[in-house]
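work-v4.txt (compact mmCIF, C-alpha atoms)
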```
# COMPACT_ATOMS: atom_id res chain seq x y z
CA MET A 1 3.18 5.30 -29.43
CA GLN A 2 -0.26 3.79 -29.97
CA LYS A 3 1.01 0.29 -29.16
CA GLU A 4 2.56 1.54 -25.92
CA SER A 5 -0.70 3.20 -25.00
CA LEU A 6 -2.70 0.02 -25.63
CA LYS A 7 -0.25 -2.02 -23.56
CA GLN A 8 -0.51 0.45 -20.69
CA GLN A 9 -4.30 0.47 -20.87
CA ALA A 10 -4.45 -3.32 -20.73
CA TYR A 11 -1.97 -3.39 -17.85
CA ASN A 12 -3.89 -0.77 -15.86
CA ALA A 13 -7.24 -2.50 -16.40
CA ILE A 14 -6.06 -5.98 -15.42
CA LYS A 15 -4.06 -4.71 -12.45
CA ALA A 16 -7.07 -2.76 -11.14
CA LYS A 17 -9.21 -5.90 -11.24
CA ILE A 18 -6.54 -7.83 -9.31
CA LEU A 19 -6.08 -5.09 -6.69
CA ASN A 20 -9.85 -4.79 -6.22
CA CYS A 21 -10.04 -8.58 -5.91
CA GLU A 22 -12.41 -8.88 -8.86
CA TYR A 23 -9.89 -11.55 -9.79
CA ALA A 24 -9.60 -13.29 -6.43
CA PRO A 25 -6.30 -14.65 -5.06
CA ASN A 26 -5.53 -18.25 -5.98
CA THR A 27 -7.93 -18.26 -8.92
CA PHE A 28 -7.08 -18.83 -12.58
CA ILE A 29 -7.77 -16.15 -15.18
CA ASN A 30 -8.21 -16.98 -18.83
CA GLU A 31 -6.26 -15.00 -21.43
CA GLU A 32 -9.16 -15.00 -23.88
CA LEU A 33 -11.54 -13.74 -21.19
CA LEU A 34 -9.03 -11.01 -20.27
CA ARG A 35 -8.93 -9.83 -23.88
CA GLU A 36 -12.71 -9.53 -23.90
CA GLU A 37 -12.95 -7.78 -20.53
CA VAL A 38 -10.26 -5.18 -21.19
CA SER A 39 -11.02 -4.85 -24.92
CA ALA A 40 -7.46 -5.55 -26.00
CA SER A 41 -5.70 -7.85 -28.42
CA ARG A 42 -3.36 -10.68 -27.50
CA THR A 43 -0.09 -8.70 -27.49
CA PRO A 44 -1.10 -5.98 -24.97
CA VAL A 45 -2.67 -8.58 -22.68
CA ARG A 46 0.40 -10.82 -22.74
CA ASP A 47 2.64 -7.83 -22.10
CA ALA A 48 0.45 -6.85 -19.13
CA ILE A 49 0.55 -10.38 -17.70
CA SER A 50 4.34 -10.43 -17.99
CA ARG A 51 4.61 -7.16 -16.07
CA LEU A 52 2.17 -8.31 -13.42
CA GLU A 53 4.14 -11.52 -12.96
CA GLN A 54 7.27 -9.44 -12.29
CA GLU A 55 5.31 -7.52 -9.66
CA GLY A 56 4.24 -10.73 -7.94
CA LEU A 57 0.53 -10.28 -8.67
CA VAL A 58 0.14 -13.29 -10.98
CA LYS A 59 1.93 -16.57 -11.61
CA ILE A 60 2.22 -18.22 -15.01
CA LEU A 61 1.99 -21.95 -14.42
CA PRO A 62 3.07 -24.23 -17.30
CA LYS A 63 0.18 -26.29 -18.72
CA LYS A 64 -2.22 -24.73 -16.20
CA GLY A 65 -2.53 -21.04 -17.05
CA ILE A 66 -2.44 -17.70 -15.27
CA MET A 67 -3.11 -17.73 -11.53
CA VAL A 68 -3.69 -14.66 -9.36
CA SER A 69 -1.09 -14.76 -6.60
CA ASP A 70 -2.13 -15.46 -3.03
CA LEU A 71 -1.06 -13.44 0.01
CA SER A 72 0.60 -15.89 2.39
CA LEU A 73 1.83 -15.30 5.94
CA SER A 74 5.36 -15.45 4.57
CA GLN A 75 4.60 -12.69 2.04
CA ILE A 76 2.98 -10.48 4.68
CA ASN A 77 6.07 -10.92 6.83
CA MET A 78 8.28 -9.90 3.91
CA ILE A 79 6.11 -6.87 3.16
CA TYR A 80 6.41 -5.62 6.72
CA GLU A 81 10.09 -6.44 6.94
CA THR A 82 10.62 -4.18 3.93
CA ARG A 83 8.35 -1.42 5.25
CA LEU A 84 10.18 -1.45 8.59
CA MET A 85 13.46 -0.96 6.77
CA LEU A 86 12.24 1.75 4.39
CA GLU A 87 9.73 3.97 6.16
CA PRO A 88 11.52 4.84 9.44
CA TYR A 89 14.69 5.42 7.40
CA ALA A 90 12.82 7.75 5.03
CA ILE A 91 11.54 9.81 7.96
CA SER A 92 14.85 10.07 9.83
CA HIS A 93 16.83 11.01 6.71
CA TYR A 94 14.33 12.91 4.56
CA GLY A 95 11.47 14.00 6.82
CA ASN A 96 13.00 17.49 7.00
CA ARG A 97 12.35 17.91 3.26
CA ILE A 98 8.61 18.04 3.88
CA GLU A 99 7.22 21.50 4.67
CA GLN A 100 6.06 22.09 8.23
CA ASP A 101 2.71 23.36 6.90
CA ILE A 102 2.00 19.88 5.55
CA TYR A 103 2.68 18.32 8.94
CA MET A 104 0.48 20.94 10.56
CA ASN A 105 -2.38 20.12 8.17
CA TYR A 106 -2.16 16.46 9.12
CA TYR A 107 -1.99 17.39 12.80
CA GLN A 108 -5.16 19.49 12.54
CA ASP A 109 -7.02 16.90 10.45
CA TYR A 110 -6.15 14.10 12.85
CA GLN A 111 -7.11 16.15 15.91
CA ALA A 112 -10.44 17.04 14.30
CA TYR A 113 -11.14 13.38 13.48
CA LEU A 114 -10.42 12.23 17.03
CA LYS A 115 -12.88 14.86 18.27
CA GLY A 116 -15.63 13.46 16.03
CA GLY A 117 -15.02 15.35 12.81
CA ASP A 118 -14.43 14.08 9.29
CA LEU A 119 -11.20 13.57 7.40
CA PRO A 120 -10.71 15.64 4.20
CA TYR A 121 -10.34 12.39 2.20
CA SER A 122 -11.42 8.82 2.75
CA TYR A 123 -9.65 7.02 5.59
CA ASP A 124 -7.77 4.70 3.19
CA ASP A 125 -6.69 7.61 0.97
CA MET A 126 -5.44 9.56 3.98
CA ASP A 127 -3.48 6.53 5.12
CA ASP A 128 -1.93 6.07 1.67
CA LEU A 129 -1.04 9.76 1.34
CA PHE A 130 0.55 9.91 4.78
CA HIS A 131 2.89 6.97 4.18
CA GLN A 132 3.60 7.88 0.56
CA MET A 133 4.74 11.42 1.37
CA PHE A 134 7.75 10.11 3.30
CA MET A 135 8.76 7.83 0.45
CA ASP A 136 8.29 10.64 -2.09
CA ALA A 137 10.54 12.88 0.02
CA THR A 138 13.47 10.53 -0.60
CA SER A 139 13.36 11.04 -4.41
CA ASN A 140 15.05 7.63 -4.56
CA ILE A 141 13.69 5.73 -7.58
CA TYR A 142 14.71 2.38 -6.09
CA PHE A 143 12.86 3.07 -2.83
CA LEU A 144 9.83 4.31 -4.76
CA LYS A 145 9.70 1.28 -7.07
CA THR A 146 9.95 -1.10 -4.13
CA TYR A 147 7.23 0.77 -2.26
CA GLU A 148 4.98 0.70 -5.34
CA LEU A 149 5.17 -3.11 -5.32
CA ILE A 150 4.35 -3.19 -1.61
CA ASN A 151 1.46 -0.75 -2.01
CA SER A 152 -0.23 -3.03 -4.53
CA GLN A 153 -0.28 -5.84 -1.97
CA ILE A 154 -1.48 -3.49 0.77
CA LYS A 155 -4.50 -2.56 -1.34
CA ARG A 156 -5.33 -6.23 -1.87
CA MET A 157 -5.07 -6.88 1.87
CA ARG A 158 -7.54 -4.07 2.56
CA ILE A 159 -10.10 -5.48 0.15
CA MET A 160 -9.66 -9.05 1.37
CA SER A 161 -10.06 -8.08 5.03
CA GLY A 162 -13.03 -5.77 4.70
CA GLU A 163 -13.40 -2.41 6.44
CA CYS A 164 -11.53 -1.98 9.69
CA SER A 165 -13.35 -1.12 12.90
CA GLU A 166 -13.70 2.42 14.18
CA LYS A 167 -11.53 1.40 17.14
CA ARG A 168 -8.63 0.43 14.89
CA ARG A 169 -9.12 3.56 12.79
CA LYS A 170 -8.74 5.75 15.85
CA GLU A 171 -5.69 3.80 16.99
CA THR A 172 -4.10 4.26 13.58
CA ILE A 173 -4.86 7.99 13.57
CA GLN A 174 -3.35 8.32 17.05
CA GLU A 175 -0.22 6.51 15.84
CA HIS A 176 0.01 8.83 12.83
CA LEU A 177 -0.54 11.80 15.13
CA LYS A 178 2.41 10.73 17.28
CA ILE A 179 4.62 10.66 14.17
CA THR A 180 3.31 14.09 13.14
CA LYS A 181 3.93 15.66 16.55
CA CYS A 182 7.56 14.52 16.45
CA ALA A 183 7.92 15.90 12.92
CA LEU A 184 6.55 19.29 14.00
CA LYS A 185 9.23 19.36 16.71
CA GLN A 186 11.77 18.28 14.06
CA ASP A 187 12.54 15.27 16.23
CA TRP A 188 13.30 12.96 13.31
CA ASP A 189 14.63 10.09 15.41
CA GLY A 190 11.47 10.23 17.51
CA ALA A 191 9.31 10.31 14.37
CA ALA A 192 11.17 7.31 12.95
CA ASP A 193 10.69 5.41 16.21
CA ALA A 194 6.98 6.27 16.16
CA MET A 195 6.68 4.98 12.59
CA ASN A 196 8.47 1.79 13.59
CA GLU A 197 6.00 1.35 16.44
CA HIS A 198 3.03 2.04 14.15
CA LEU A 199 4.14 -0.56 11.60
CA HIS A 200 4.54 -3.18 14.33
CA TYR A 201 1.01 -2.45 15.55
CA SER A 202 -0.25 -2.69 11.98
CA LYS A 203 1.46 -6.03 11.39
CA ASN A 204 0.17 -7.43 14.67
CA ALA A 205 -3.36 -6.30 13.78
CA ILE A 206 -3.19 -8.19 10.49
CA PHE A 207 -2.07 -11.40 12.13
CA ASP A 208 -4.70 -10.89 14.82
CA LEU A 209 -7.29 -10.80 12.05
CA LEU A 210 -5.91 -13.91 10.36
CA PHE A 211 -5.86 -15.97 13.53
CA LYS A 212 -8.74 -14.51 15.55
CA GLY A 213 -10.99 -12.83 12.99
CA ASN A 214 -10.67 -9.33 14.43
CA ASP A 215 -10.67 -6.06 12.50
CA TRP A 216 -7.43 -4.51 11.34
CA SER A 217 -5.99 -1.59 9.46
CA LEU A 218 -2.78 -0.96 7.63
```
Show me, as structure tokens, the structure contained in the file I just sent.
Amino acid sequence: MQKESLKQQAYNAIKAKILNCEYAPNTFINEELLREEVSASRTPVRDAISRLEQEGLVKILPKKGIMVSDLSLSQINMIYETRLMLEPYAISHYGNRIEQDIYMNYYQDYQAYLKGGDLPYSYDDMDDLFHQMFMDATSNIYFLKTYELINSQIKRMRIMSGECSEKRRKETIQEHLKITKCALKQDWDGAADAMNEHLHYSKNAIFDLLFKGNDWSL
């Protein structure tokens, strides 16, 4: 039990540093340095690196070492291709499992924000919670595992891009509000279409940032 706990601690610590871009994409990380930074022995660190390689966060290159994976245009395309398949489907098939009170809370929070108020949580946390609740409603372990992998990359994209503009924040909230309004009417096809639209806007905003240097939000 103790060994499992040490392995998990090493994994959590190294993964957090990758997601927060303390270990930047396309840079090499040294196993000995990792052991010092996360206060773990060789076995837990190697186990953590193996798991992170499976998740696509690091690459083990023969005779070179451990490299933090980059986020290429191709990968971003794949991330959004997967999100577009999963998230609208989750809403149309499982959105009715979520209590109407929860949708109403989001509706009220979003309306208050658009009128100049504050969100109950940070903007990024609200965004994560909103998308995650639809995936959680499916109770499908395969959907959830896939979305967990995607979410790790989303967090890296946020850090790498910097904070999004207030304009994009409001656009995102309005897109979420459209989804919520449909859900309150129990119009699940409409909610799924609104999620599809939102994800396309999000993807376009990312590529706009990459090619033009504008702000973006997931």
Near-Ala192 of chain A list (9 Å; all atoms listed in the file; drop same-chain fewer than 4 positions) as a VMD selection string: chain A and resid 87 to 92 179 182 187 to 188 196 to 197
Proximity to Tyr121 of chain A - best of A:Tyr106, A:Gly95, A:Ala205, A:Ala183, all atoms listed in the file: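 Looking only at the distances to Tyr121 of chain A, the closest residue turns out to be A:Tyr106.
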Surrounding residues of Glu22 of chain A excluding itself and chain neighbours under 4 positions, 12 Å, all atoms listed in the file, as a VMD selection string: chain A and resid 13 to 18 26 to 29 37 68 156 159 to 160
10 Å contact set for segment 48-53 of chain A, only C-alpha atoms, chain neighbours under 3 positions out, as JSON, numbers by chain: {"A": [6, 7, 8, 9, 10, 11, 12, 13, 14, 15, 18, 31, 34, 42, 43, 44, 45, 56, 57, 58, 59, 60, 66, 67, 68, 69]}
Sphere at (-9.8, 14.1, 21.4), radius 12 Å, counting all atoms listed in the file: residues as an MDAnalysis selection string: chainID A and resid 108:117 170:171 173:174 177
Two-atom distance - atom CA of Arg168 of chain A, atom CA of Leu199 of chain A (Å):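 Going from atom CA of Arg168 of chain A over to atom CA of Leu199 of chain A, I get 13.2 Å.
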Distance of atom CA of Ile76 of chain A from atom CA of Lys181 of chain A, expressed in Å to one decimal place: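 Rounded to one decimal, the two atoms are 28.7 Å apart.
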Atomic distance atom CA of Ile206 of chain A - atom CA of Asp70 of chain A, expressed in Å with one decimal: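 We find that atom CA of Ile206 of chain A and atom CA of Asp70 of chain A lie 15.4 Å from each other.
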Near-Met104 of chain A list (8 Å; only C-alpha atoms; drop same-chain fewer than 3 positions) as number ranges by chain: A: 100-101, 107-108, 180, 184
So which residues touch segment 145-153 of chain A within 8 Å, counting all atoms listed in the file, skipping near sequence neighbours fewer than 6 positions away, as a PDB file with C-alpha atoms, in the frame of the given file?
```pdb
ATOM      1  CA  LEU A  19      -6.080  -5.090  -6.690  1.00  0.00           C
ATOM      2  CA  GLU A  55       5.310  -7.520  -9.660  1.00  0.00           C
ATOM      3  CA  LEU A  71      -1.060 -13.440   0.010  1.00  0.00           C
ATOM      4  CA  ILE A  79       6.110  -6.870   3.160  1.00  0.00           C
ATOM      5  CA  ARG A  83       8.350  -1.420   5.250  1.00  0.00           C
ATOM      6  CA  MET A 135       8.760   7.830   0.450  1.00  0.00           C
TER       7      MET A 135
END
```
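Take the candidates A:Ser5, A:Asn96, A:Asn20, A:Ser39 and check each one against Asp189 of chain A using all atoms listed in the file; the shortest distance goes to A:Asn96.
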Can you rebuild segment 117-142 of chain A with N, CA, C and O atoms and give it as a compact mmCIF listing (two decimals), keeping the file's coordinate frame?
```
# COMPACT_ATOMS: atom_id res chain seq x y z
N GLY A 117 -14.87 14.74 14.13
CA GLY A 117 -15.02 15.35 12.81
C GLY A 117 -14.71 14.38 11.68
O GLY A 117 -14.48 13.19 11.91
N ASP A 118 -14.71 14.90 10.47
CA ASP A 118 -14.43 14.08 9.29
C ASP A 118 -13.03 14.37 8.76
O ASP A 118 -12.50 15.48 8.94
N LEU A 119 -12.47 13.38 8.09
CA LEU A 119 -11.20 13.57 7.40
C LEU A 119 -11.46 14.22 6.05
O LEU A 119 -12.54 14.05 5.47
N PRO A 120 -10.50 14.99 5.50
CA PRO A 120 -10.71 15.64 4.20
C PRO A 120 -10.82 14.65 3.04
O PRO A 120 -11.37 14.98 2.00
N TYR A 121 -10.25 13.45 3.21
CA TYR A 121 -10.34 12.39 2.20
C TYR A 121 -10.83 11.12 2.90
O TYR A 121 -11.00 11.10 4.12
N SER A 122 -11.03 10.08 2.13
CA SER A 122 -11.42 8.82 2.75
C SER A 122 -10.29 8.34 3.67
O SER A 122 -9.13 8.71 3.50
N TYR A 123 -10.64 7.52 4.63
CA TYR A 123 -9.65 7.02 5.59
C TYR A 123 -8.49 6.32 4.87
O TYR A 123 -7.32 6.57 5.17
N ASP A 124 -8.81 5.44 3.92
CA ASP A 124 -7.77 4.70 3.19
C ASP A 124 -6.88 5.65 2.40
O ASP A 124 -5.65 5.47 2.35
N ASP A 125 -7.48 6.65 1.74
CA ASP A 125 -6.69 7.61 0.97
C ASP A 125 -5.77 8.42 1.87
O ASP A 125 -4.60 8.66 1.52
N MET A 126 -6.27 8.82 3.03
CA MET A 126 -5.44 9.56 3.98
C MET A 126 -4.26 8.71 4.44
O MET A 126 -3.13 9.20 4.57
N ASP A 127 -4.54 7.44 4.69
CA ASP A 127 -3.48 6.53 5.12
C ASP A 127 -2.42 6.39 4.04
O ASP A 127 -1.21 6.48 4.31
N ASP A 128 -2.87 6.20 2.80
CA ASP A 128 -1.93 6.07 1.67
C ASP A 128 -1.09 7.33 1.50
O ASP A 128 0.13 7.26 1.33
N LEU A 129 -1.74 8.49 1.55
CA LEU A 129 -1.04 9.76 1.34
C LEU A 129 0.00 10.01 2.42
O LEU A 129 1.10 10.50 2.15
N PHE A 130 -0.35 9.68 3.66
CA PHE A 130 0.55 9.91 4.78
C PHE A 130 1.84 9.10 4.62
O PHE A 130 2.95 9.64 4.72
N HIS A 131 1.70 7.82 4.33
CA HIS A 131 2.89 6.97 4.18
C HIS A 131 3.66 7.31 2.91
O HIS A 131 4.90 7.32 2.91
N GLN A 132 2.93 7.61 1.84
CA GLN A 132 3.60 7.88 0.56
C GLN A 132 4.43 9.15 0.60
O GLN A 132 5.48 9.24 -0.06
N MET A 133 4.00 10.15 1.39
CA MET A 133 4.74 11.42 1.37
C MET A 133 6.17 11.25 1.88
O MET A 133 7.09 11.93 1.42
N PHE A 134 6.39 10.33 2.80
CA PHE A 134 7.75 10.11 3.30
C PHE A 134 8.61 9.43 2.25
O PHE A 134 9.79 9.75 2.09
N MET A 135 8.00 8.49 1.52
CA MET A 135 8.76 7.83 0.45
C MET A 135 9.06 8.81 -0.68
O MET A 135 10.16 8.82 -1.22
N ASP A 136 8.07 9.65 -1.03
CA ASP A 136 8.29 10.64 -2.09
C ASP A 136 9.40 11.63 -1.72
O ASP A 136 10.14 12.09 -2.60
N ALA A 137 9.52 11.92 -0.43
CA ALA A 137 10.54 12.88 0.02
C ALA A 137 11.95 12.39 -0.25
O ALA A 137 12.88 13.19 -0.39
N THR A 138 12.13 11.07 -0.36
CA THR A 138 13.47 10.53 -0.60
C THR A 138 13.95 10.79 -2.02
O THR A 138 15.16 10.86 -2.26
N SER A 139 13.03 10.90 -2.98
CA SER A 139 13.36 11.04 -4.41
C SER A 139 14.27 9.91 -4.89
O SER A 139 15.00 10.08 -5.86
N ASN A 140 14.21 8.79 -4.21
CA ASN A 140 15.05 7.63 -4.56
C ASN A 140 14.20 6.67 -5.39
O ASN A 140 13.26 6.05 -4.88
N ILE A 141 14.54 6.53 -6.68
CA ILE A 141 13.69 5.73 -7.58
C ILE A 141 13.65 4.26 -7.16
O ILE A 141 12.65 3.58 -7.40
N TYR A 142 14.69 3.79 -6.51
CA TYR A 142 14.71 2.38 -6.09
C TYR A 142 13.79 2.17 -4.88
O TYR A 142 13.08 1.16 -4.79
```
